[in-house]
Amino acid sequence: MLPRRPTGLLSRREGLALDRISARQLYDGVHERMGLRWISGMRGEARALDPGATQSRRPSLIGYLNVIYPNKIQIVGTEELNFLDGLDSRQRWEVIHKVAAYQPVALIVSKDQAIPSDLREVAEETNTPLWISPKRGHELLTYLQYHLARLLAAKTTLHGVFLEVFSIGVLITGEAGSGKSELALELISRGHRLVADDATEFTLIAPDVIDGTCPELLQDLLEVRGLGVLNIREMFGHMSVKPSKYLRLVIHLKPLRDGEDTDALTRLTGDIGHREIFDVAVPMITIPVAPGRNLAVLVEAAVRSHALKSKGIDPAQTFIDRQAHQLNRLPPW
């Protein structure tokens, strides 16, 4: 892929992000939250969890110990250990080796239970990561499912300024020099909050829900031409920034060209459309930029109007209905 020309603080990057994760990456990401300790099978840290490879065999990414349809991450709880203890030595040997032969990404023993010596030895021999946690099995299952869903979700980075305006996540886009950062600074000074400037990372966390966050490198920062990079948190306080927000509206700034005019219907309803992000149609409002226009007021009005329309209140349609009613009242010629 050819490198893109940098724009502002970071260059634009689009496409799907992480589609596989190694045992080491997973462990490093959750061991503090789940109290994990790596007991055996350290040499298997490169084993990767690839969701696409599991679909033909019907297993899930994570679940309780299952020999018939093995999960990629197997949780070994009290019932599973009791099941192993109820087998004779030969059956137990066969089951443990069968589990290891499927090459799971990791085995996790819950509630700090005593790990059988044979399970520990087989994990070491087969380079199968074996972890233990003080958490209950359902806690491990719930959190790891959430964590993996976030890590393996589709991601993209879009150019623009992402803010929370009247509790709605708004991405402001436009050509370079269209005044996005200055507009963002004005909105922040009016009490709205910054999520990310220039490069916002968006994650598809549900079929129709897109979550926007700020890259660590850019947190709390806003670049304004002539002023350089500003630390919004230090300038306006902790309430002026927000770590993440769901994307609900795109506002596109479009320079108004000389002689360019909008059609009558657009003047009535506004320049409203949609922008496809992860195949999700996100409402988009285009605002013409011209000298003397108060863009901050226009953006606030656009967000308020969007909120009303989401509740079924459409002023343009109300006007059209009133006009039609007045025409119907006229006597026939």
# chains A, B, ... in the order shown; residues from 1 in each chain; ligands from 1
call {"tool": "select_by_dssp", "arguments": {"residues": "segment 41-206 of chain A", "states": "strand (DSSP E)", "output": "number ranges by chain"}}
result
A: 48-49, 62-64, 73-76, 106-109, 130-132, 155-165, 168-174, 193-206
call {"tool": "write_last_selection", "arguments": {"atoms": "C-alpha atoms", "output": "PDB file, in the first residue's frame"}}
result
ATOM      1  CA  ALA A  48      -2.999 -16.984  17.432  1.00  0.00           C
ATOM      2  CA  LEU A  49      -6.732 -16.655  17.801  1.00  0.00           C
ATOM      3  CA  ILE A  62     -14.171 -18.981  24.198  1.00  0.00           C
ATOM      4  CA  GLY A  63     -16.185 -21.356  26.372  1.00  0.00           C
ATOM      5  CA  TYR A  64     -16.055 -24.086  28.976  1.00  0.00           C
ATOM      6  CA  ILE A  73      -9.927 -20.635  24.631  1.00  0.00           C
ATOM      7  CA  GLN A  74     -11.064 -23.342  27.034  1.00  0.00           C
ATOM      8  CA  ILE A  75     -12.193 -22.453  30.556  1.00  0.00           C
ATOM      9  CA  VAL A  76     -11.646 -25.239  33.084  1.00  0.00           C
ATOM     10  CA  ALA A 106      -5.046 -21.112  26.025  1.00  0.00           C
ATOM     11  CA  LEU A 107      -6.521 -23.132  28.892  1.00  0.00           C
ATOM     12  CA  ILE A 108      -7.766 -21.111  31.868  1.00  0.00           C
ATOM     13  CA  VAL A 109      -8.402 -22.672  35.274  1.00  0.00           C
ATOM     14  CA  LEU A 130      -2.066 -22.688  30.790  1.00  0.00           C
ATOM     15  CA  TRP A 131      -3.357 -19.803  32.902  1.00  0.00           C
ATOM     16  CA  ILE A 132      -5.075 -19.608  36.277  1.00  0.00           C
ATOM     17  CA  LYS A 155     -11.798  -0.648  12.776  1.00  0.00           C
ATOM     18  CA  THR A 156     -10.939   2.363  10.690  1.00  0.00           C
ATOM     19  CA  THR A 157      -9.371   5.783  11.173  1.00  0.00           C
ATOM     20  CA  LEU A 158     -11.139   8.769   9.603  1.00  0.00           C
ATOM     21  CA  HIS A 159      -9.895  12.312   9.125  1.00  0.00           C
ATOM     22  CA  GLY A 160     -11.884  14.961  10.950  1.00  0.00           C
ATOM     23  CA  VAL A 161     -12.653  16.307  14.413  1.00  0.00           C
ATOM     24  CA  PHE A 162     -14.862  14.164  16.635  1.00  0.00           C
ATOM     25  CA  LEU A 163     -16.814  15.917  19.385  1.00  0.00           C
ATOM     26  CA  GLU A 164     -19.699  15.435  21.752  1.00  0.00           C
ATOM     27  CA  VAL A 165     -22.255  18.154  21.005  1.00  0.00           C
ATOM     28  CA  ILE A 168     -24.451  13.420  20.454  1.00  0.00           C
ATOM     29  CA  GLY A 169     -21.264  12.139  18.805  1.00  0.00           C
ATOM     30  CA  VAL A 170     -20.524  14.420  15.837  1.00  0.00           C
ATOM     31  CA  LEU A 171     -17.717  13.982  13.305  1.00  0.00           C
ATOM     32  CA  ILE A 172     -16.819  17.255  11.561  1.00  0.00           C
ATOM     33  CA  THR A 173     -15.205  16.707   8.165  1.00  0.00           C
ATOM     34  CA  GLY A 174     -14.111  18.929   5.304  1.00  0.00           C
ATOM     35  CA  ARG A 193     -16.387  18.171  24.526  1.00  0.00           C
ATOM     36  CA  LEU A 194     -13.507  16.957  22.365  1.00  0.00           C
ATOM     37  CA  VAL A 195     -13.017  13.266  21.652  1.00  0.00           C
ATOM     38  CA  ALA A 196     -10.336  13.324  18.950  1.00  0.00           C
ATOM     39  CA  ASP A 197      -8.753  15.703  16.474  1.00  0.00           C
ATOM     40  CA  ASP A 198      -7.552  14.849  12.978  1.00  0.00           C
ATOM     41  CA  ALA A 199      -7.570  11.043  13.252  1.00  0.00           C
ATOM     42  CA  THR A 200     -10.416   9.333  15.098  1.00  0.00           C
ATOM     43  CA  GLU A 201     -10.375   5.561  15.509  1.00  0.00           C
ATOM     44  CA  PHE A 202     -13.821   4.080  14.879  1.00  0.00           C
ATOM     45  CA  THR A 203     -14.813   0.548  15.896  1.00  0.00           C
ATOM     46  CA  LEU A 204     -17.919  -1.350  14.822  1.00  0.00           C
ATOM     47  CA  ILE A 205     -19.009  -2.725  18.204  1.00  0.00           C
ATOM     48  CA  ALA A 206     -22.497  -3.796  17.038  1.00  0.00           C
TER      49      ALA A 206
END
call {"tool": "residues_around", "arguments": {"residues": "Ala290 of chain A", "least_positions_apart": "4", "cutoff": "9 Å", "atoms": "only C-alpha atoms", "output": "list in words"}}
result
Lys254, Pro255, Leu256 and Arg257 of chain A
call {"tool": "write_last_selection", "arguments": {"atoms": "N, CA and C atoms", "output": "compact mmCIF listing (two decimals), in the first residue's frame"}}
result
# COMPACT_ATOMS: atom_id res chain seq x y z
N LYS A 254 -18.42 22.51 3.60
CA LYS A 254 -18.20 22.64 2.16
C LYS A 254 -18.04 24.11 1.80
N PRO A 255 -16.88 24.50 1.27
CA PRO A 255 -16.70 25.91 0.87
C PRO A 255 -17.74 26.32 -0.17
N LEU A 256 -18.32 27.49 0.02
CA LEU A 256 -19.31 28.00 -0.91
C LEU A 256 -18.61 28.71 -2.05
N ARG A 257 -18.69 28.15 -3.25
CA ARG A 257 -18.01 28.72 -4.42
C ARG A 257 -18.77 29.92 -4.96
call {"tool": "residues_around", "arguments": {"residues": "Ser89 of chain A", "least_positions_apart": "6", "cutoff": "12 Å", "atoms": "only C-alpha atoms", "output": "list in words"}}
result
Val95, Ile96 and Asp118 of chain A
call {"tool": "select_by_dssp", "arguments": {"residues": "segment 149-321 of chain A", "states": "alpha helix (DSSP H)", "output": "count of residues only"}}
result
47
call {"tool": "closest_residue", "arguments": {"among": "A:Glu216, A:Glu80, A:Glu125, A:Asp85", "to": "Gln103 of chain A", "atoms": "only C-alpha atoms"}}
result
A:Glu125
call {"tool": "atom_distance", "arguments": {"atom1": "atom CA of Tyr69 of chain A", "atom2": "atom CA of Ala114 of chain A"}}
result
25.3 Å
call {"tool": "residues_around", "arguments": {"residues": "Thr128 of chain A", "least_positions_apart": "5", "cutoff": "9 Å", "atoms": "only C-alpha atoms", "output": "compact mmCIF listing (two decimals) with N, CA and C atoms, in the first residue's frame"}}
result
# COMPACT_ATOMS: atom_id res chain seq x y z
N SER A 40 2.02 -22.60 32.84
CA SER A 40 2.77 -23.56 32.01
C SER A 40 2.54 -23.23 30.53
N GLY A 41 3.40 -23.82 29.66
CA GLY A 41 3.25 -23.64 28.22
C GLY A 41 3.65 -22.27 27.72
N MET A 42 4.70 -21.70 28.31
CA MET A 42 5.14 -20.36 27.91
C MET A 42 5.57 -20.31 26.44
N ARG A 43 6.07 -21.41 25.92
CA ARG A 43 6.55 -21.41 24.53
C ARG A 43 5.42 -21.36 23.51
N GLY A 44 4.20 -21.44 23.98
CA GLY A 44 3.06 -21.34 23.07
C GLY A 44 2.49 -19.94 22.98
N GLU A 45 3.27 -18.93 23.37
CA GLU A 45 2.76 -17.57 23.41
C GLU A 45 2.42 -17.01 22.03
N ARG A 47 0.77 -18.65 19.72
CA ARG A 47 -0.48 -19.21 19.18
C ARG A 47 -1.49 -18.09 18.97
N ALA A 100 -5.25 -31.03 24.18
CA ALA A 100 -4.01 -30.38 23.75
C ALA A 100 -3.80 -30.52 22.24
N GLN A 103 -4.83 -27.85 19.85
CA GLN A 103 -4.00 -26.64 19.91
C GLN A 103 -4.83 -25.39 20.26
N PRO A 104 -5.46 -25.41 21.42
CA PRO A 104 -6.18 -24.21 21.84
C PRO A 104 -5.21 -23.07 22.08
N VAL A 105 -5.72 -21.84 21.97
CA VAL A 105 -4.89 -20.67 22.23
C VAL A 105 -4.47 -20.66 23.70
N ALA A 106 -5.38 -21.07 24.60
CA ALA A 106 -5.05 -21.11 26.02
C ALA A 106 -6.07 -21.95 26.77
N LEU A 107 -5.65 -22.50 27.92
CA LEU A 107 -6.52 -23.13 28.89
C LEU A 107 -6.50 -22.25 30.14
N VAL A 122 1.22 -31.89 30.49
CA VAL A 122 0.84 -31.95 29.07
C VAL A 122 0.89 -30.56 28.44
N ALA A 123 0.47 -29.55 29.19
CA ALA A 123 0.53 -28.18 28.67
C ALA A 123 1.96 -27.76 28.37
call {"tool": "residues_around", "arguments": {"residues": "Arg225 of chain A", "least_positions_apart": "6", "cutoff": "12 Å", "atoms": "only C-alpha atoms", "output": "ChimeraX atom specification"}}
result
/A:8-9,176-183,185
call {"tool": "closest_residue", "arguments": {"among": "A:Leu327, A:Leu249, A:Leu187, A:Met235", "to": "Val280 of chain A", "atoms": "only C-alpha atoms"}}
result
A:Leu249
call {"tool": "atom_distance", "arguments": {"atom1": "atom CA of Gly237 of chain A", "atom2": "atom CA of Leu253 of chain A"}}
result
27.5 Å
call {"tool": "atom_distance", "arguments": {"atom1": "atom CA of Leu247 of chain A", "atom2": "atom CA of Ile210 of chain A"}}
result
5.6 Å
call {"tool": "residues_around", "arguments": {"residues": "segment 292-306 of chain A", "least_positions_apart": "2", "cutoff": "9 Å", "atoms": "only C-alpha atoms", "output": "list in words"}}
result
Val165, Phe166, Ile168, Val170, Leu183, Ala184, Glu186, Leu187, Arg190, Leu249, Ile251, Pro283, Ile285, Ile287, Pro288, Val289, Ala290, Leu308, Lys309, Ser310, Lys311, Ile313, Asp314 and Pro315 of chain A
call {"tool": "write_last_selection", "arguments": {"atoms": "C-alpha atoms", "output": "PDB file, in the first residue's frame"}}
result
ATOM      1  CA  VAL A 165     -22.255  18.154  21.005  1.00  0.00           C
ATOM      2  CA  PHE A 166     -25.410  18.144  23.131  1.00  0.00           C
ATOM      3  CA  ILE A 168     -24.451  13.420  20.454  1.00  0.00           C
ATOM      4  CA  VAL A 170     -20.524  14.420  15.837  1.00  0.00           C
ATOM      5  CA  LEU A 183     -14.860  25.370  14.720  1.00  0.00           C
ATOM      6  CA  ALA A 184     -14.019  22.648  17.225  1.00  0.00           C
ATOM      7  CA  GLU A 186     -15.284  27.448  19.366  1.00  0.00           C
ATOM      8  CA  LEU A 187     -17.606  24.554  20.240  1.00  0.00           C
ATOM      9  CA  ARG A 190     -19.192  26.865  24.364  1.00  0.00           C
ATOM     10  CA  LEU A 249     -23.932  12.406  12.937  1.00  0.00           C
ATOM     11  CA  ILE A 251     -21.255  17.368   9.587  1.00  0.00           C
ATOM     12  CA  PRO A 283     -26.691  10.780   8.744  1.00  0.00           C
ATOM     13  CA  ILE A 285     -25.448  17.308   7.033  1.00  0.00           C
ATOM     14  CA  ILE A 287     -22.975  23.121   5.786  1.00  0.00           C
ATOM     15  CA  PRO A 288     -21.712  25.705   3.252  1.00  0.00           C
ATOM     16  CA  VAL A 289     -18.751  27.693   4.564  1.00  0.00           C
ATOM     17  CA  ALA A 290     -18.615  31.382   3.704  1.00  0.00           C
ATOM     18  CA  LEU A 308     -35.720  16.469  16.785  1.00  0.00           C
ATOM     19  CA  LYS A 309     -35.905  14.483  13.540  1.00  0.00           C
ATOM     20  CA  SER A 310     -34.840  11.333  15.384  1.00  0.00           C
ATOM     21  CA  LYS A 311     -37.944  11.881  17.526  1.00  0.00           C
ATOM     22  CA  ILE A 313     -40.287  16.066  14.395  1.00  0.00           C
ATOM     23  CA  ASP A 314     -39.457  17.383  10.901  1.00  0.00           C
ATOM     24  CA  PRO A 315     -39.951  21.175  10.506  1.00  0.00           C
TER      25      PRO A 315
END
